[in-house]
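Notes follow once the structure below has been shown.
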Protein chains: 2
Amino acid sequence: MAGTRSGTRHSVVIVDDHAMFRAGVRAELGDAVEVLAEAADVDEAVAAVLAGQPEVVLLDVHLPGGGGAEVIRRTAGKAVDTRFLALSVSDAAEDVIGTIRSGARGYVTKSITGEELIDAIDRVAAGDAVFSPRLAGFVLDAFAGTIEVAAVDEDLDRLTEREREVMRLIARGYSYKEVAAELFISIKTVETHMGAVLRKLQLSSRHELTRWASERRLL
Amino acid sequence: MAGTRSGTRHSVVIVDDHAMFRAGVRAELGDAVEVLAEAADVDEAVAAVLAGQPEVVLLDVHLPGGGGAEVIRRTAGKAVDTRFLALSVSDAAEDVIGTIRSGARGYVTKSITGEELIDAIDRVAAGDAVFSPRLAGFVLDAFAGTIEVAAVDEDLDRLTEREREVMRLIARGYSYKEVAAELFISIKTVETHMGAVLRKLQLSSRHELTRWASERRLL
DNA sequence: GCCAGGATCAGGGGCGTCCCCGATGGTGGT
DNA sequence: ACCACCATCGGGGACGCCCCTGATCCTGGC
């Protein structure tokens with residue numbers, strides 16, 4: 001992490017329905033940013049953004065009055081230089097994708113540290129898109145076709161179509177016998193494919209595979 | 001709320017996996033209480049409670065390492081004057097009931113204000129039970145005898161201490177051999193306990209157990 | 001003292017998982 | 001034609017998982 005990158009002291013508005021959490025963010029940010037205002041629901045947030053014209057809005061996704069996406073919609077065009085950084089407990093795909101589609105430039109979970117958050121604010125203000133590492137995967141998946149995915153999926157790409165098919169069923173808890181019945185092939189063929197899957201993904205058991213797949217939301 | 005009631009400055013330990021939220025609680029509490037320690041997971045929490053013997057533990061329900069209930073279980077009897085106040089985003093019945101059954105003396109949501117939280121801490125320390133208004137209803141319902149939330153825990157309650165221990169490790173993906181090494185017992189004993197676990201929970205394989213446990217957030 | 005229940009362990013058996021060694025046929029590239 | 005790769009299968013083995021029938025020790029209740 002950058003650590004001491006502070007620099008410009010961007011202006012921000014903090015939007016979250018929990019006063020406690022807003023206080024936590026404020027405390028963690030210290031004087032690294034300028035907090036223009038706080039808001040606890042959609043109406044307050046819209047008013048605060050229009051009044052303050054902040055560079056960055058820290059935006060909770062689940063918010064009384066229509067959710068964080070509603071805030072973005074209702075301020076669109078009226079706050080030209082403002083960028084939105086979603087800050088949520090949820091790591092559900094629909095929340096992430098929905099928020100990004102609404103126009104947020106980043107999405108980080110509340111498990112982030114203060115230092116990382118300051119860094120994320122800096123980068124969003126500079127025009128970058130910022131995502132928690134764990135989320136980056138399916139954000140890119142959702143926009144697949146335009147962007148190619150690297151790193152994580154390199155392993156997955158080396159699997160053949162049939163191997164991926166077997167992998168999905170095994171990861172869901174199917175036994176070799178059940179996979180064989182499902183795909184109309186013999187148990188031995190399933191074993192062969194599984195051997196290839198485990199070797200290519202550098203795993204050693206079906207349990208590890210289950211975890212690997214669920215971490216990547218491939219189920 | 002009561003507002004200026006301060007009085008005795010109770011000692012507390014704050015347990016939550018989000019550093020940001022801990023900072024918020026700490027900031028909101030100010031010097032109205034004495035914060036002995038913070039903890040981010042079950043192990044840290046148990047250590048902090050045993051070391052500090054606080055009057056009140058502010059306890060997140062969803063916590064890496066087994067959840068808040070696990071903290072209560074593992075400190076039971078070893079911290080005589082300590083009372084637990086659950087502080088959670090969840091208002092789900094099973095979370096509330098489960099936490100209370102584990103021994104917590106109160107349950108408030110994170111939408112609470114700092115003032116109200118200080119008041120709740122005072123009252124829990126004094127021996128009162130404290131609940132967010134919206135939750136009080138079905139807490140009483142549950143102990144009135146109706147609700148079938150009990151069904152989930154009845155199965156779990158029939159497990160012995162040792163069986164629960166084995167169950168947790170197996171559900172996390174440990175092999176029998178690894179569990180045996182971890183608990184300093186033989187593989188055959190692990191098999192015996194697992195047989196009892198599967199029979200009592202009416203499951204048929206370790207895979208089903210993994211799902212069962214993850215659905216109930218027992219990991 | 002007897003009995004129930006919990007924790008510990010052993011032997012053995014059936015089946016699942018994962019690996020090794022092969023083999024055959026098809027397909028696409030050179 | 002040859003080679004690389006894929007999908008399909010088989011035998012056999014080592015080990016893990018799950019169940020069965022036992023057994024011993026200890027603790028607590030009647």
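By convention here, the chains of the structure tokens are called A, B, ... in the order presented, each chain's residues are numbered starting at 1, and ligands are numbered starting at 1 in the order presented.
Look at B:His207: the protein and nucleic acid residues within 12 Å of it, using only C-alpha atoms (C1' of nucleotides) and passing over chain neighbours fewer than 6 places away, are A:Ile170, A:Ala171, A:Arg172, A:Gly173, A:Tyr174, A:Ser175, A:Arg206, A:His207, A:Glu208, A:Thr210, A:Arg211, B:Met167, B:Ile170, B:Ala171, B:Arg172, B:Gly173, B:Tyr174, B:Ser175, B:Leu198, B:Ala213, B:Ser214, D:DC17.
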Query raised in the report: Mind listing as a ChimeraX atom specification which residues of chain A are within 9 Å of chain C, counting only C-alpha atoms (C1' of nucleotides)?
Result: /A:175-176,191,194-195,204-206
Atoms kept (C-alpha atoms) for selection, written as an mmCIF file, in the first residue's frame:
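Once written, again_2.cif looks like this:
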```
data_model
loop_
_atom_site.group_PDB
_atom_site.id
_atom_site.type_symbol
_atom_site.label_atom_id
_atom_site.label_comp_id
_atom_site.auth_asym_id
_atom_site.auth_seq_id
_atom_site.Cartn_x
_atom_site.Cartn_y
_atom_site.Cartn_z
ATOM 1 C CA SER A 175 -19.849 -37.800 -6.372
ATOM 2 C CA TYR A 176 -17.901 -39.197 -9.321
ATOM 3 C CA GLU A 191 -11.661 -39.531 -12.735
ATOM 4 C CA MET A 194 -10.819 -34.569 -12.264
ATOM 5 C CA GLY A 195 -7.160 -35.512 -12.267
ATOM 6 C CA SER A 204 -5.098 -31.708 -4.061
ATOM 7 C CA SER A 205 -8.629 -32.657 -3.137
ATOM 8 C CA ARG A 206 -12.260 -32.086 -3.938
#
```
Each chain A residue no farther than 8 Å from chain B, nearest pair in Å, only C-alpha atoms, as CSV:
```
residue,atom,partner,partner_atom,distance
A:Asp17,CA,B:Ser111,CA,7.2
A:His18,CA,B:Ser111,CA,4.9
A:Ala19,CA,B:Thr113,CA,6.5
A:Met20,CA,B:Gly24,CA,5.2
A:Phe21,CA,B:Phe21,CA,5.5
A:Arg22,CA,B:Gly24,CA,7.2
A:Ala23,CA,B:Gly24,CA,4.9
A:Gly24,CA,B:Gly24,CA,3.3
A:Val25,CA,B:Met20,CA,6.1
A:Ala27,CA,B:Ala23,CA,6.9
A:Glu28,CA,B:Met20,CA,6.8
A:Lys110,CA,B:His18,CA,6.6
A:Ser111,CA,B:His18,CA,5.0
A:Ile112,CA,B:His18,CA,7.6
A:Thr113,CA,B:Ala19,CA,6.6
A:Gly114,CA,B:Met20,CA,7.0
A:Gly173,CA,B:His207,CA,6.4
A:His207,CA,B:Gly173,CA,6.2
A:Glu208,CA,B:Gly173,CA,7.7
```
Export of prior selection with N, CA and C atoms as an mmCIF file, in the first residue's frame:
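File out-v3.cif, as written:
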```
data_model
loop_
_atom_site.group_PDB
_atom_site.id
_atom_site.type_symbol
_atom_site.label_atom_id
_atom_site.label_comp_id
_atom_site.auth_asym_id
_atom_site.auth_seq_id
_atom_site.Cartn_x
_atom_site.Cartn_y
_atom_site.Cartn_z
ATOM 1 N N ASP A 17 -26.149 4.961 6.745
ATOM 2 C CA ASP A 17 -27.273 5.120 7.676
ATOM 3 C C ASP A 17 -26.867 4.871 9.126
ATOM 4 N N HIS A 18 -25.675 4.356 9.341
ATOM 5 C CA HIS A 18 -25.225 4.133 10.712
ATOM 6 C C HIS A 18 -24.299 5.270 11.170
ATOM 7 N N ALA A 19 -24.755 6.020 12.137
ATOM 8 C CA ALA A 19 -23.948 7.131 12.632
ATOM 9 C C ALA A 19 -22.602 6.634 13.151
ATOM 10 N N MET A 20 -22.651 5.453 13.744
ATOM 11 C CA MET A 20 -21.430 4.888 14.321
ATOM 12 C C MET A 20 -20.376 4.656 13.247
ATOM 13 N N PHE A 21 -20.860 4.121 12.125
ATOM 14 C CA PHE A 21 -19.912 3.828 11.057
ATOM 15 C C PHE A 21 -19.376 5.112 10.443
ATOM 16 N N ARG A 22 -20.239 6.109 10.300
ATOM 17 C CA ARG A 22 -19.763 7.390 9.771
ATOM 18 C C ARG A 22 -18.662 7.956 10.673
ATOM 19 N N ALA A 23 -18.882 7.830 11.976
ATOM 20 C CA ALA A 23 -17.872 8.332 12.914
ATOM 21 C C ALA A 23 -16.569 7.564 12.760
ATOM 22 N N GLY A 24 -16.686 6.260 12.511
ATOM 23 C CA GLY A 24 -15.492 5.428 12.342
ATOM 24 C C GLY A 24 -14.715 5.840 11.116
ATOM 25 N N VAL A 25 -15.419 6.046 10.008
ATOM 26 C CA VAL A 25 -14.768 6.470 8.779
ATOM 27 C C VAL A 25 -14.076 7.804 9.005
ATOM 28 N N ALA A 27 -13.061 9.130 11.751
ATOM 29 C CA ALA A 27 -11.897 8.994 12.631
ATOM 30 C C ALA A 27 -10.709 8.398 11.884
ATOM 31 N N GLU A 28 -10.977 7.390 11.068
ATOM 32 C CA GLU A 28 -9.897 6.716 10.356
ATOM 33 C C GLU A 28 -9.278 7.616 9.290
ATOM 34 N N LYS A 110 -16.392 -2.912 3.722
ATOM 35 C CA LYS A 110 -16.118 -2.192 4.952
ATOM 36 C C LYS A 110 -15.012 -2.829 5.784
ATOM 37 N N SER A 111 -14.471 -3.918 5.286
ATOM 38 C CA SER A 111 -13.349 -4.525 5.985
ATOM 39 C C SER A 111 -12.038 -3.820 5.632
ATOM 40 N N ILE A 112 -12.126 -2.836 4.807
ATOM 41 C CA ILE A 112 -10.951 -2.082 4.377
ATOM 42 C C ILE A 112 -10.347 -1.329 5.569
ATOM 43 N N THR A 113 -9.073 -1.092 5.536
ATOM 44 C CA THR A 113 -8.438 -0.307 6.601
ATOM 45 C C THR A 113 -8.476 1.169 6.239
ATOM 46 N N GLY A 114 -8.192 2.001 7.227
ATOM 47 C CA GLY A 114 -8.228 3.437 6.992
ATOM 48 C C GLY A 114 -7.226 3.863 5.941
ATOM 49 N N GLY A 173 -20.755 -30.793 -4.986
ATOM 50 C CA GLY A 173 -20.965 -31.895 -4.051
ATOM 51 C C GLY A 173 -21.345 -33.216 -4.715
ATOM 52 N N HIS A 207 -12.243 -31.142 -1.702
ATOM 53 C CA HIS A 207 -12.620 -30.136 -0.706
ATOM 54 C C HIS A 207 -11.974 -28.792 -1.039
ATOM 55 N N GLU A 208 -10.713 -28.849 -1.384
ATOM 56 C CA GLU A 208 -10.039 -27.610 -1.785
ATOM 57 C C GLU A 208 -10.688 -27.026 -3.022
#
```
Report task. Taking only C-alpha atoms (C1' of nucleotides) into account, report as a PyMOL selection string which residues of chain D lie within 10 Å of chain A. Result -> chain D and resi 6-10
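The interatomic distance for the pair atom CA of B:Ile121 and atom CA of B:Glu34 works out to 11.4 Å.
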**Report entry** 8 Å contact set for B:Ala48, only C-alpha atoms (C1' of nucleotides), chain neighbours under 5 positions out, as a list in words
**Finding:** Val13, Ala37, Glu38, Ala39 and Gln53 of chain B
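Rounded to one decimal, atom CA of B:Ala47 and atom CA of B:Glu70 lie 12.6 Å from each other.
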Requested in this report: Enter the distance from atom CA of B:Ala86 to atom CA of B:Arg123, in Å, rounded to one decimal.
Outcome: 13.4 Å
